[in-house]
file coords_27.txt (compact mmCIF, C-alpha atoms)
# COMPACT_ATOMS: atom_id res chain seq x y z
CA MET C 31 76.39 -86.06 215.82
CA ASN C 32 79.99 -84.85 215.64
CA HIS C 33 81.26 -83.69 219.00
CA LEU C 34 83.17 -80.45 219.34
CA THR C 35 86.93 -80.73 219.55
CA GLU C 36 88.94 -79.31 222.44
CA GLU C 37 90.38 -76.74 220.05
CA GLN C 38 86.91 -75.56 219.08
CA LEU C 39 85.97 -75.28 222.75
CA ILE C 40 89.11 -73.31 223.60
CA GLU C 41 88.41 -71.00 220.66
CA HIS C 42 84.88 -70.56 221.93
CA TYR C 43 86.10 -69.80 225.45
CA TYR C 44 88.27 -66.98 224.12
CA GLU C 45 85.40 -65.76 221.95
CA GLU C 46 87.28 -66.39 218.76
CA SER C 47 85.16 -69.12 217.28
CA PRO C 48 84.36 -68.49 213.61
CA GLN C 49 80.84 -69.90 214.20
CA PRO C 50 79.84 -68.97 217.77
CA ALA C 51 76.12 -69.51 217.17
CA HIS C 52 76.76 -73.03 215.93
CA ILE C 53 78.87 -73.83 219.02
CA VAL C 54 76.26 -72.40 221.41
CA GLN C 55 73.54 -74.39 219.68
CA HIS C 56 75.60 -77.57 219.86
CA LEU C 57 76.36 -77.04 223.55
CA ARG C 58 72.63 -76.71 224.22
CA GLU C 59 71.88 -79.97 222.46
CA CYS C 60 74.87 -82.13 223.46
CA ASN C 61 75.34 -82.94 227.13
CA ARG C 62 78.74 -84.50 226.63
CA CYS C 63 80.18 -81.42 224.94
CA ALA C 64 78.45 -79.16 227.47
CA GLU C 65 80.14 -81.04 230.32
CA THR C 66 83.51 -80.93 228.58
CA TYR C 67 83.14 -77.22 228.02
CA ALA C 68 82.09 -76.59 231.62
CA ALA C 69 85.22 -78.39 232.83
CA LEU C 70 87.40 -76.41 230.45
CA ARG C 71 85.85 -73.15 231.51
CA SER C 72 86.28 -74.00 235.16
CA ASP C 73 89.97 -74.85 234.59
CA LEU C 74 90.70 -71.69 232.65
CA ASP C 75 88.73 -69.46 235.01
CA ALA C 76 90.89 -70.81 237.83
CA ILE C 77 94.06 -69.55 236.15
CA GLU C 78 94.22 -65.99 237.36
CA PRO C 79 96.45 -63.38 235.74
CA ILE C 80 99.94 -63.40 237.23
CA ALA C 81 100.16 -60.40 239.52
CA ALA C 82 103.32 -58.44 238.81
CA PRO C 83 105.11 -56.86 241.77
CA ALA C 84 103.96 -53.28 242.22
CA ARG C 85 106.01 -50.48 240.74
CA ASP C 86 105.63 -46.95 242.04
CA ALA C 87 105.09 -43.81 240.01
CA GLY C 88 108.82 -43.16 239.89
CA HIS C 89 109.53 -46.41 238.07
CA GLY C 90 109.54 -44.87 234.59
CA ALA C 91 111.88 -42.08 235.60
CA GLN C 92 114.21 -44.65 237.13
CA VAL C 93 114.20 -46.70 233.93
CA TRP C 94 114.91 -43.59 231.87
CA ARG C 95 117.81 -42.62 234.15
CA SER C 96 119.30 -46.07 233.70
CA ILE C 97 119.28 -45.92 229.90
CA ARG C 98 119.57 -42.24 229.00
CA ASP C 99 123.38 -42.25 229.03
CA PHE C 100 123.47 -45.15 226.63
CA VAL C 101 121.39 -43.57 223.88
CA PRO C 102 122.78 -41.01 221.45
CA THR C 103 120.97 -37.80 220.58
CA TYR C 104 119.31 -37.86 217.19
CA GLN C 105 120.63 -35.15 214.89
CA GLN C 106 118.55 -32.67 212.90
CA LYS C 107 117.20 -33.93 209.58
CA GLN C 108 119.66 -32.00 207.44
CA GLN C 109 122.57 -33.39 209.37
CA ARG C 110 121.09 -36.84 209.25
CA LEU C 111 120.92 -36.66 205.47
CA SER C 112 124.59 -35.81 205.22
CA GLN C 113 125.38 -38.53 207.71
CA ARG C 114 123.42 -41.02 205.68
CA PHE C 115 125.27 -39.98 202.58
CA SER C 116 128.58 -40.40 204.29
CA SER C 117 127.46 -43.75 205.70
CA LEU C 118 127.21 -44.97 202.09
CA LYS C 119 130.95 -45.45 202.38
CA GLY C 120 130.29 -48.19 204.85
CA LEU C 121 128.06 -50.09 202.50
CA SER C 122 129.44 -52.71 200.22
CA PHE C 123 130.35 -51.58 196.74
CA ALA C 124 127.60 -53.64 195.15
CA THR C 125 124.90 -52.21 197.41
CA ALA C 126 126.13 -48.68 196.85
CA CYS C 127 125.99 -49.25 193.08
CA SER C 128 122.48 -50.69 193.41
CA LEU C 129 121.39 -47.67 195.41
CA LEU C 130 122.83 -45.22 192.90
CA ILE C 131 121.28 -47.02 189.97
CA ALA C 132 117.93 -47.19 191.69
CA VAL C 133 118.06 -43.47 192.50
CA ALA C 134 119.05 -42.72 188.90
CA PHE C 135 116.26 -44.96 187.72
CA LEU C 136 113.72 -43.15 189.84
CA ALA C 137 114.98 -39.75 188.75
CA GLY C 138 114.92 -40.87 185.15
CA ARG C 139 111.38 -42.10 185.39
CA GLN C 140 110.27 -38.89 187.02
CA TRP C 141 111.96 -36.84 184.30
CA GLU C 142 110.47 -39.07 181.60
CA ASN C 143 106.99 -38.65 183.05
CA TYR C 144 107.49 -34.93 183.28
CA GLN C 145 108.59 -34.73 179.64
CA ARG C 146 105.92 -37.04 178.23
CA PRO C 147 102.54 -35.67 177.08
CA PRO C 148 99.70 -36.49 179.52
CA GLN C 149 97.82 -38.90 177.23
CA ILE C 150 100.94 -41.07 176.87
CA ARG C 151 101.65 -40.99 180.59
CA THR C 152 98.23 -42.36 181.48
CA ALA C 153 98.64 -45.16 178.96
CA ALA C 154 101.82 -46.41 180.57
CA ASN C 155 100.33 -49.25 182.58
CA ASN C 156 103.01 -51.81 182.02
CA PRO C 157 106.30 -50.25 183.02
CA ILE C 158 109.34 -51.24 181.04
CA ARG C 159 112.48 -51.44 183.15
CA GLN C 160 115.75 -50.14 181.82
CA PRO C 161 118.24 -52.91 180.93
CA ILE C 162 120.88 -51.69 183.42
CA VAL C 163 118.24 -51.65 186.18
CA LEU C 164 117.22 -55.15 185.24
CA VAL C 165 120.79 -56.30 185.72
CA PHE C 166 120.94 -54.82 189.23
CA LEU C 167 117.44 -55.97 190.09
CA GLY C 168 118.31 -59.46 188.92
CA ASP C 169 121.42 -59.34 191.08
CA HIS C 170 119.40 -58.15 194.08
CA LEU C 171 116.85 -60.92 193.65
CA GLY C 172 119.62 -63.47 193.22
CA ARG C 173 121.24 -62.35 196.45
CA SER C 174 117.86 -62.40 198.18
CA GLU C 175 117.30 -65.92 196.96
CA ARG C 176 120.66 -67.04 198.30
CA PHE C 177 119.89 -65.28 201.58
CA LEU C 178 116.57 -67.10 201.93
CA VAL C 179 118.25 -70.41 201.14
CA ALA C 180 120.92 -69.69 203.77
CA LEU C 181 118.17 -68.84 206.24
CA ARG C 182 116.40 -72.08 205.48
CA HIS C 183 119.56 -74.06 206.12
CA GLY C 184 120.53 -71.93 209.08
CA ASP C 185 121.42 -74.91 211.26
CA SER C 186 124.20 -76.15 209.05
CA GLY C 187 125.07 -73.32 206.73
CA GLU C 188 126.48 -69.87 207.16
CA SER C 189 126.96 -68.34 210.57
CA THR C 190 124.17 -66.30 212.12
CA ALA C 191 126.26 -63.14 211.99
CA LEU C 192 126.78 -63.54 208.23
CA VAL C 193 123.10 -64.12 207.56
CA LYS C 194 122.21 -61.11 209.70
CA ALA C 195 124.81 -58.93 207.96
CA GLU C 196 123.50 -59.98 204.58
CA ALA C 197 119.95 -59.08 205.67
CA GLN C 198 121.14 -55.62 206.75
CA ASP C 199 122.98 -55.22 203.49
CA LEU C 200 120.01 -56.20 201.35
CA LEU C 201 117.53 -54.14 203.31
CA SER C 202 118.34 -50.64 202.06
CA ALA C 203 118.52 -51.71 198.43
CA ASN C 204 115.26 -53.62 198.79
CA ARG C 205 113.54 -50.50 200.15
CA LEU C 206 114.59 -48.52 197.13
CA TYR C 207 113.48 -51.20 194.68
CA ARG C 208 110.14 -51.43 196.47
CA GLU C 209 109.67 -47.65 196.33
CA SER C 210 110.64 -47.76 192.71
CA ALA C 211 108.12 -50.54 192.00
CA ILE C 212 105.36 -48.57 193.72
CA ASN C 213 106.20 -45.40 191.81
CA SER C 214 106.33 -47.20 188.51
CA GLY C 215 102.89 -48.71 189.11
CA ASP C 216 103.84 -52.34 189.67
CA PRO C 217 101.86 -53.31 192.81
CA ALA C 218 102.43 -57.06 192.52
CA PHE C 219 106.19 -56.59 192.36
CA ALA C 220 106.05 -54.02 195.17
CA ALA C 221 104.00 -56.41 197.35
CA ALA C 222 106.52 -59.21 196.85
CA LEU C 223 109.40 -56.89 197.74
CA ASP C 224 107.41 -55.74 200.77
CA ARG C 225 107.10 -59.32 202.00
CA LEU C 226 110.82 -59.80 201.43
CA GLU C 227 111.53 -56.60 203.34
CA ARG C 228 109.62 -57.86 206.38
CA VAL C 229 111.81 -60.97 206.52
CA LEU C 230 114.94 -58.86 206.05
CA VAL C 231 113.85 -56.52 208.86
CA GLU C 232 113.19 -59.41 211.21
CA VAL C 233 116.53 -61.08 210.58
CA ALA C 234 118.45 -57.79 210.58
CA ASN C 235 116.97 -56.93 213.96
CA GLU C 236 117.81 -60.23 215.60
CA PRO C 237 120.35 -59.90 218.42
CA ASP C 238 123.98 -60.38 217.47
CA ASP C 239 124.25 -63.55 219.48
CA ALA C 240 121.12 -65.15 218.00
CA SER C 241 121.62 -68.86 217.67
CA PRO C 242 121.26 -70.73 214.35
CA ALA C 243 118.31 -72.48 215.98
CA ARG C 244 116.65 -69.11 216.51
CA LEU C 245 117.08 -68.31 212.82
CA ALA C 246 115.63 -71.68 211.92
CA GLU C 247 112.70 -70.95 214.21
CA LEU C 248 112.29 -67.52 212.64
CA GLN C 249 112.38 -69.05 209.20
CA LYS C 250 109.57 -71.40 210.17
CA GLU C 251 107.57 -68.64 211.80
CA LEU C 252 107.88 -66.33 208.81
CA ASN C 253 107.19 -69.19 206.41
CA THR C 254 109.92 -68.04 204.06
CA ASP C 255 109.54 -71.08 201.81
CA GLY C 256 106.65 -69.40 200.02
CA LEU C 257 108.66 -66.22 199.72
CA LEU C 258 111.66 -68.08 198.35
CA PHE C 259 109.48 -69.47 195.60
CA GLU C 260 108.08 -66.00 194.91
CA VAL C 261 111.58 -64.49 194.67
CA ARG C 262 112.63 -67.26 192.28
CA VAL C 263 109.63 -66.54 190.07
CA LEU C 264 110.37 -62.81 190.13
CA ARG C 265 113.98 -63.38 189.26
CA SER C 266 113.04 -65.59 186.33
CA HIS C 267 110.61 -62.85 185.15
CA VAL C 268 113.35 -60.28 185.39
CA GLN C 269 115.68 -62.58 183.44
CA ASP C 270 113.00 -63.05 180.78
CA GLU C 271 112.53 -59.30 180.62
CA GLN C 272 116.28 -58.89 180.19
CA GLU C 273 116.36 -61.45 177.39
CA GLU C 274 113.35 -59.87 175.70
CA GLN C 275 114.82 -56.40 175.84
CA GLN C 276 118.17 -57.35 174.39
CA PRO C 277 117.01 -58.51 170.92
CA ALA C 278 114.40 -55.73 170.91
CA ALA C 279 117.11 -53.15 171.36
CA VAL C 280 119.10 -54.71 168.53
CA ARG C 281 116.05 -54.69 166.29
CA THR C 282 115.30 -51.07 167.09
CA LEU C 283 118.85 -50.16 166.29
CA GLY C 284 118.55 -51.98 163.01
CA VAL C 285 115.45 -50.01 162.04
CA LEU C 286 116.99 -46.72 163.06
CA ILE C 287 120.19 -47.36 161.13
CA MET V 57 97.17 -38.83 223.30
CA GLU V 58 98.42 -40.63 220.18
CA GLU V 59 99.01 -37.40 218.34
CA ASN V 60 100.84 -36.16 221.38
CA GLU V 61 103.05 -39.23 221.32
CA HIS V 62 103.77 -38.72 217.66
CA SER V 63 104.85 -35.15 218.36
CA ILE V 64 107.08 -36.44 221.17
CA ILE V 65 108.66 -38.90 218.77
CA ARG V 66 109.22 -36.13 216.22
CA ALA V 67 110.86 -34.09 218.98
CA VAL V 68 113.16 -36.99 219.89
CA LEU V 69 114.12 -37.48 216.25
CA SER V 70 114.83 -33.77 215.97
CA GLY V 71 117.40 -33.99 218.72
CA ASN V 72 115.38 -33.66 221.94
CA LYS V 73 116.61 -36.82 223.63
CA GLU V 74 114.95 -36.01 226.95
CA ALA V 75 111.50 -36.17 225.33
CA TYR V 76 111.90 -39.93 225.11
CA GLY V 77 111.86 -40.01 228.89
CA THR V 78 108.19 -38.98 228.77
CA LEU V 79 107.37 -42.07 226.75
CA VAL V 80 109.39 -44.27 229.10
CA VAL V 81 107.57 -42.86 232.13
CA ARG V 82 104.22 -43.32 230.44
CA HIS V 83 104.66 -46.96 229.43
CA SER V 84 107.24 -48.50 231.74
CA ARG V 85 104.81 -50.04 234.21
CA ALA V 86 102.68 -51.73 231.54
CA ILE V 87 105.83 -53.06 229.92
CA PHE V 88 107.11 -54.32 233.27
CA ARG V 89 103.82 -56.11 233.92
CA VAL V 90 103.85 -58.06 230.66
CA ALA V 91 107.59 -58.71 230.96
CA PHE V 92 107.09 -60.15 234.43
CA ARG V 93 104.22 -62.33 233.29
CA ILE V 94 106.34 -63.80 230.53
CA THR V 95 109.67 -64.16 232.34
CA GLY V 96 108.25 -64.91 235.79
CA ASP V 97 111.22 -63.14 237.32
CA GLU V 98 111.37 -59.61 238.69
CA ALA V 99 115.00 -58.91 237.81
CA ASP V 100 114.59 -60.33 234.31
CA ALA V 101 111.46 -58.24 233.84
CA GLU V 102 113.39 -55.10 234.78
CA ASP V 103 116.10 -56.01 232.29
CA VAL V 104 113.44 -56.51 229.62
CA VAL V 105 111.97 -53.05 230.33
CA GLN V 106 115.37 -51.41 229.90
CA GLU V 107 116.24 -53.42 226.82
CA ALA V 108 112.86 -52.75 225.19
CA PHE V 109 113.13 -48.99 225.65
CA LEU V 110 116.74 -49.03 224.46
CA ILE V 111 115.80 -50.92 221.31
CA GLY V 112 112.77 -48.65 220.92
CA TYR V 113 115.02 -45.61 220.98
CA GLN V 114 117.48 -47.09 218.51
CA LYS V 115 114.71 -48.05 216.09
CA LEU V 116 112.63 -44.93 216.55
CA GLN V 117 113.33 -43.83 213.00
CA SER V 118 111.61 -46.95 211.72
CA PHE V 119 108.51 -46.27 213.83
CA GLU V 120 105.62 -45.69 211.46
CA SER V 121 103.43 -42.72 212.22
CA ARG V 122 100.23 -44.68 211.62
CA ALA V 123 101.08 -47.07 214.46
CA LYS V 124 100.52 -46.59 218.19
CA PHE V 125 103.71 -46.23 220.19
CA SER V 126 102.25 -48.32 223.03
CA THR V 127 101.56 -51.26 220.70
CA TRP V 128 104.96 -50.91 219.05
CA ILE V 129 106.98 -50.83 222.27
CA TYR V 130 104.78 -53.58 223.75
CA ARG V 131 105.71 -55.86 220.85
CA ILE V 132 109.39 -55.08 221.24
CA ALA V 133 109.14 -55.87 224.96
CA VAL V 134 107.31 -59.16 224.40
CA ASN V 135 110.04 -60.26 222.00
CA CYS V 136 112.76 -59.20 224.43
CA ALA V 137 111.01 -61.17 227.17
CA LEU V 138 110.67 -64.17 224.89
CA ASN V 139 114.38 -64.02 224.05
CA MET V 140 115.19 -63.73 227.72
CA LYS V 141 112.99 -66.72 228.49
CA ASN V 142 114.64 -68.73 225.73
CA LYS V 143 118.07 -68.01 227.18
CA ARG V 144 117.13 -69.21 230.65
CA LYS V 145 117.05 -72.89 231.44
CA PRO V 146 113.75 -74.13 232.83
CA GLU V 147 113.81 -73.81 236.57
CA ALA V 148 112.87 -76.66 238.86
CA ALA V 149 109.37 -76.31 240.17
CA TYR V 150 109.20 -76.52 243.93
CA GLN V 151 106.16 -77.64 245.85
CA ILE V 152 105.25 -76.74 249.34
CA ALA V 153 104.95 -79.73 251.62
CA ASP V 154 104.60 -80.55 255.31
CA ASP V 155 108.11 -82.00 255.40
CA ALA V 156 110.90 -80.62 253.33
CA ASP V 157 112.24 -83.14 250.81
CA ALA V 158 114.92 -81.93 248.44
CA THR V 159 114.71 -85.02 246.23
CA GLN V 160 111.03 -84.36 245.63
CA HIS V 161 111.60 -80.62 245.06
CA GLN V 162 109.55 -79.81 248.12
CA VAL V 163 110.10 -76.95 250.55
CA GLN V 164 108.57 -75.72 253.74
CA VAL V 165 107.11 -72.26 253.98
CA ALA V 166 107.37 -70.15 257.11
CA ASP V 167 104.10 -69.66 258.97
CA THR V 168 103.53 -65.91 259.04
CA ALA V 169 99.77 -65.54 258.57
CA PRO V 170 96.94 -65.75 261.08
CA ASN V 171 95.30 -68.59 259.15
CA PRO V 172 98.22 -70.88 258.31
CA GLU V 173 96.32 -73.76 256.74
CA ARG V 174 94.45 -71.60 254.26
CA LEU V 175 97.54 -69.61 253.44
CA LEU V 176 99.56 -72.76 252.95
CA LEU V 177 96.94 -74.15 250.60
CA SER V 178 96.77 -70.93 248.68
CA ARG V 179 100.56 -70.86 248.34
CA GLU V 180 100.58 -74.47 247.24
CA ILE V 181 98.07 -73.66 244.54
CA GLU V 182 100.12 -70.67 243.51
CA ALA V 183 103.26 -72.82 243.38
CA LEU V 184 101.48 -75.41 241.26
CA HIS V 185 100.30 -72.73 238.85
CA ALA V 186 103.78 -71.24 238.65
CA GLY V 187 105.31 -74.69 238.14
CA ALA V 188 102.84 -75.51 235.37
CA MET V 189 103.58 -72.20 233.63
CA GLN V 190 107.33 -72.86 233.89
CA LYS V 191 106.92 -76.17 232.09
CA LEU V 192 105.54 -74.46 228.99
CA THR V 193 107.92 -73.56 226.20
CA ALA V 194 108.78 -69.88 225.92
CA THR V 195 106.49 -69.41 222.93
CA GLU V 196 103.60 -71.31 224.53
CA ARG V 197 103.94 -69.34 227.75
CA THR V 198 104.11 -66.03 225.91
CA ALA V 199 101.18 -66.85 223.66
CA PHE V 200 99.13 -68.00 226.67
CA VAL V 201 100.02 -64.92 228.73
CA LEU V 202 99.05 -62.65 225.83
CA ARG V 203 95.80 -64.53 225.20
CA HIS V 204 94.66 -65.30 228.73
CA MET V 205 96.08 -62.46 230.77
CA GLU V 206 96.64 -59.60 228.36
CA ASP V 207 93.45 -60.16 226.34
CA CYS V 208 95.24 -60.10 223.00
CA SER V 209 93.49 -61.64 220.01
CA THR V 210 95.11 -64.42 217.99
CA GLU V 211 95.91 -61.88 215.27
CA GLU V 212 97.62 -59.60 217.78
CA ILE V 213 99.60 -62.49 219.26
CA ALA V 214 100.68 -63.54 215.78
CA ALA V 215 101.75 -60.00 214.90
CA THR V 216 103.59 -59.57 218.19
CA LEU V 217 105.43 -62.87 218.00
CA ARG V 218 105.88 -62.54 214.24
CA ILE V 219 104.34 -65.92 213.57
CA ALA V 220 101.41 -67.07 211.46
CA PRO V 221 97.97 -66.74 213.13
CA ASN V 222 97.53 -70.51 213.01
CA ALA V 223 100.85 -71.01 214.77
CA ALA V 224 99.77 -68.54 217.45
CA LYS V 225 96.48 -70.38 217.89
CA GLN V 226 98.25 -73.73 218.17
CA ALA V 227 100.66 -72.32 220.76
CA VAL V 228 97.70 -71.24 222.90
CA PHE V 229 96.01 -74.64 222.46
CA ARG V 230 99.13 -76.53 223.49
CA ALA V 231 99.58 -74.27 226.49
CA VAL V 232 95.98 -74.80 227.62
CA GLN V 233 96.28 -78.56 227.20
CA LYS V 234 99.52 -78.74 229.18
CA LEU V 235 98.25 -76.46 231.93
CA ARG V 236 95.06 -78.46 232.33
CA ARG V 237 97.05 -81.67 232.55
CA ASP V 238 99.46 -80.25 235.11
CA LEU V 239 96.77 -78.58 237.20
CA ALA V 240 94.52 -81.65 237.26
CA PRO V 241 95.71 -82.62 240.80
CA LEU V 242 94.08 -79.44 242.08
CA LYS V 243 90.71 -80.65 240.86
CA VAL V 244 91.15 -83.99 242.61
CA ASN V 245 91.94 -82.24 245.88
CA ALA V 246 89.15 -79.72 245.52
call {"tool": "encode", "arguments": {"input": "coords_27.txt", "output": "C-alpha cells"}}
result
Amino acid sequence: MNHLTEEQLIEHYYEESPQPAHIVQHLRECNRCAETYAALRSDLDAIEPIAAPARDAGHGAQVWRSIRDFVPTYQQKQQRLSQRFSSLKGLSFATACSLLIAVAFLAGRQWENYQRPPQIRTAANNPIRQPIVLVFLGDHLGRSERFLVALRHGDSGESTALVKAEAQDLLSANRLYRESAINSGDPAFAAALDRLERVLVEVANEPDDASPARLAELQKELNTDGLLFEVRVLRSHVQDEQEEQQPAAVRTLGVLI
Amino acid sequence: MEENEHSIIRAVLSGNKEAYGTLVVRHSRAIFRVAFRITGDEADAEDVVQEAFLIGYQKLQSFESRAKFSTWIYRIAVNCALNMKNKRKPEAAYQIADDADATQHQVQVADTAPNPERLLLSREIEALHAGAMQKLTATERTAFVLRHMEDCSTEEIAATLRIAPNAAKQAVFRAVQKLRRDLAPLKVNA
C-alpha cells in the first residue's frame, strides 16, 4: 500500500484534494496515514488567524483624507479623449506609427466589410493582413521578443527601469493589435497577444524601484519562457505571411498588366 | 452592492473624485486586516492600505466592469504588502523567558494580568507563532496567510500573487512544513 504524502494530506486538510473520497478511504484503512493526518490537523488547527489591531468606523475616512490630496480628478470622457490624443506626442515615434497603422487597418477592414456583399463577408474565415500591417506587426513581435529576452536575463541585462519603460511602450500597441486580431476573427493570435499583454501589464505596473531580482522572480512566476517561444513562432508566421504576400502581389500585378 | 460599486467607479471616472472615498471607507478595514497579517506590523499595514487605495485610484480606468472591486483592491493590497515584506529585513524573533538574555534573543514580559503563569505561557506561544511566521519567505507567508487565514483557494492565491497555481500550492506546502518544524517545541511542552 502506498502511503499518502504530506502534500496530499495538506491538500486534504484545505479541502482541495482532487480525490477526496480516495483520501478518506485510505485514512480509514491505514493507521499510519491516519496518525500522520491527525498530527497535521492538530498542528494546523493550533495556528489561529493573526488578529489585526482593531480599527474603528472612522478608519476609512481617515485613510481617504490622507490620500485624497494626492490623487487627481478624472476628467470627463470627451476631455480624456483629447488628452489621450495629445499624449500620443509623448509616445515614441515607432509606437505612434504602429498605433496609426493599426487604427487605419481597423478602419480599412471595417470599410471593406461594409462594402463587401454579405455572402463574401461570411466566407472570410482566414483574414489576410495587409503588407504594411505585417511589417509593423512583425516589428512589434520582434520588440516583444527582445523584451521577453531582456526580462529573462533581468539580473545581468538591461536596467529595470528600461525593461519597465519598454513594457509600457509596447502595451498600448499590443492592445490595438489584440483588438484588431479579435475583430478580424483570429482567436489564436488574439489569445497569444492577450497572454503577452498580461506580462506587459505586470511589468509595466511594477514599482519604479523594483530590483532586477524582482523582475527575475516575476519572469519565473509568469513563466514567460513559454510565451517567448509563442511570440517567436508568431513572428516567424508573420514573416512567412510577408514573404508569401510579396510574390503574390507581383504575380497579381503581372496578370493585371 | 456590486452594481452600486460599479456606478461609484463610473462616477469617479467622470470626475467625482469624492465618490472614491466611499469605496475607501467600505473596504479599508478588510484591507488593513490582510495587510497586517502579511506584514505583521501595524504601521506597515497602514502604509499598505494607503498605497493600495492610491494605486487603485490611479489604475481605476483599467478596472474591468465584470470584476468585483473588493477582489481587485484586495489583490493590489496583497501585492503591496508582499512588496513591503520583501523590502524589510527579517526581524529577530524574541522569546519570552524567566531571565532576560540578549544573546539568546529572550526578553522578560511585565506581569500585568491576574493569572501571570497562564498569560506568560500564552504570550510565549504567541511569540513562537510570530517568530515562526517571520522565518517564512514573503511569498510563503503571504500564500499561507491567504490559504489558512483568509480562506482563499489555491486558484485565488495564484491569481492574487500572479503565480502559477502549482507555485502557489508549493508555497503553502513549504510554509506548512516550516511552521510545523518550528512549532514542534510546543508539542513537546504540551
call {"tool": "closest_atom_pairs", "arguments": {"input": "coords_27.txt", "of": "chain C", "to": "chain V", "cutoff": "9 Å", "atoms": "all atoms listed in the file", "output": "tab-separated table"}}
result
residue	atom	partner	partner_atom	distance
C:Glu36	CA	V:Phe229	CA	8.5
C:Glu37	CA	V:Phe229	CA	6.5
C:Ile40	CA	V:Phe229	CA	7.1
C:Glu41	CA	V:Lys225	CA	8.6
C:Tyr44	CA	V:Arg203	CA	8.0
C:Glu46	CA	V:Ser209	CA	7.9
C:Leu70	CA	V:Arg236	CA	8.1
C:Asp73	CA	V:Arg236	CA	6.6
C:Leu74	CA	V:Val232	CA	7.9
C:Ile77	CA	V:His185	CA	7.5
C:Glu78	CA	V:Met205	CA	7.7
C:Pro79	CA	V:Met205	CA	5.1
C:Ile80	CA	V:Arg93	CA	5.9
C:Ala81	CA	V:Arg93	CA	7.7
C:Ala82	CA	V:Arg89	CA	5.4
C:Pro83	CA	V:Glu98	CA	7.5
C:Ala84	CA	V:Arg85	CA	8.7
C:Arg85	CA	V:Arg85	CA	6.7
C:Asp86	CA	V:Arg85	CA	8.5
C:Ala87	CA	V:Val81	CA	8.3
C:Gly88	CA	V:Val81	CA	7.9
C:His89	CA	V:Ser84	CA	7.0
C:Gly90	CA	V:Val81	CA	3.7
C:Ala91	CA	V:Val81	CA	5.6
C:Gln92	CA	V:Val81	CA	8.5
C:Val93	CA	V:Gln106	CA	6.3
C:Trp94	CA	V:Gly77	CA	5.6
C:Arg95	CA	V:Gly77	CA	8.4
C:Ser96	CA	V:Gln106	CA	7.6
C:Ile97	CA	V:Gln106	CA	6.7
C:Arg98	CA	V:Glu74	CA	8.0
C:Phe100	CA	V:Leu110	CA	8.1
C:Val101	CA	V:Leu110	CA	7.2
C:Pro102	CA	V:Lys73	CA	7.8
C:Thr103	CA	V:Lys73	CA	5.4
C:Tyr104	CA	V:Gly71	CA	4.6
C:Gln105	CA	V:Gly71	CA	5.1
C:Gln106	CA	V:Ser70	CA	4.9
C:Lys107	CA	V:Ser70	CA	6.8
C:Glu232	CA	V:Arg218	CA	8.5
C:Leu248	CA	V:Ile219	CA	8.2
C:Lys250	CA	V:Ile219	CA	8.3
C:Glu251	CA	V:Ile219	CA	4.6
C:Leu252	CA	V:Ile219	CA	5.9
C:Asn253	CA	V:Ala220	CA	8.0
call {"tool": "residues_around", "arguments": {"input": "coords_27.txt", "residues": "Cys63 of chain C", "least_positions_apart": "5", "cutoff": "10 Å", "atoms": "only C-alpha atoms", "output": "ChimeraX atom specification"}}
result
/C:32-36,39,53,56-58,68-69
call {"tool": "atom_distance", "arguments": {"input": "coords_27.txt", "atom1": "atom CA of Thr95 of chain V", "atom2": "atom CA of Met140 of chain V"}}
result
7.2 Å
call {"tool": "atom_distance", "arguments": {"input": "coords_27.txt", "atom1": "atom CA of Asn61 of chain C", "atom2": "atom CA of Ala76 of chain C"}}
result
22.4 Å
call {"tool": "atom_distance", "arguments": {"input": "coords_27.txt", "atom1": "atom CA of Glu274 of chain C", "atom2": "atom CA of Glu260 of chain C"}}
result
20.8 Å
call {"tool": "residues_near_point", "arguments": {"input": "coords_27.txt", "point": "(114.1, -75.0, 207.6)", "cutoff": "8 Å", "atoms": "all atoms listed in the file", "output": "ChimeraX atom specification"}}
result
/C:181-184,246-247,249-250
call {"tool": "closest_residue", "arguments": {"input": "coords_27.txt", "among": "V:Ala183, V:Ala188, V:Leu138, V:Leu177", "to": "Thr216 of chain V", "atoms": "only C-alpha atoms"}}
result
V:Leu138
call {"tool": "closest_residue", "arguments": {"input": "coords_27.txt", "among": "C:Asn204, C:Thr66, C:Asp255, C:Gln38", "to": "Phe219 of chain C", "atoms": "all atoms listed in the file"}}
result
C:Asn204
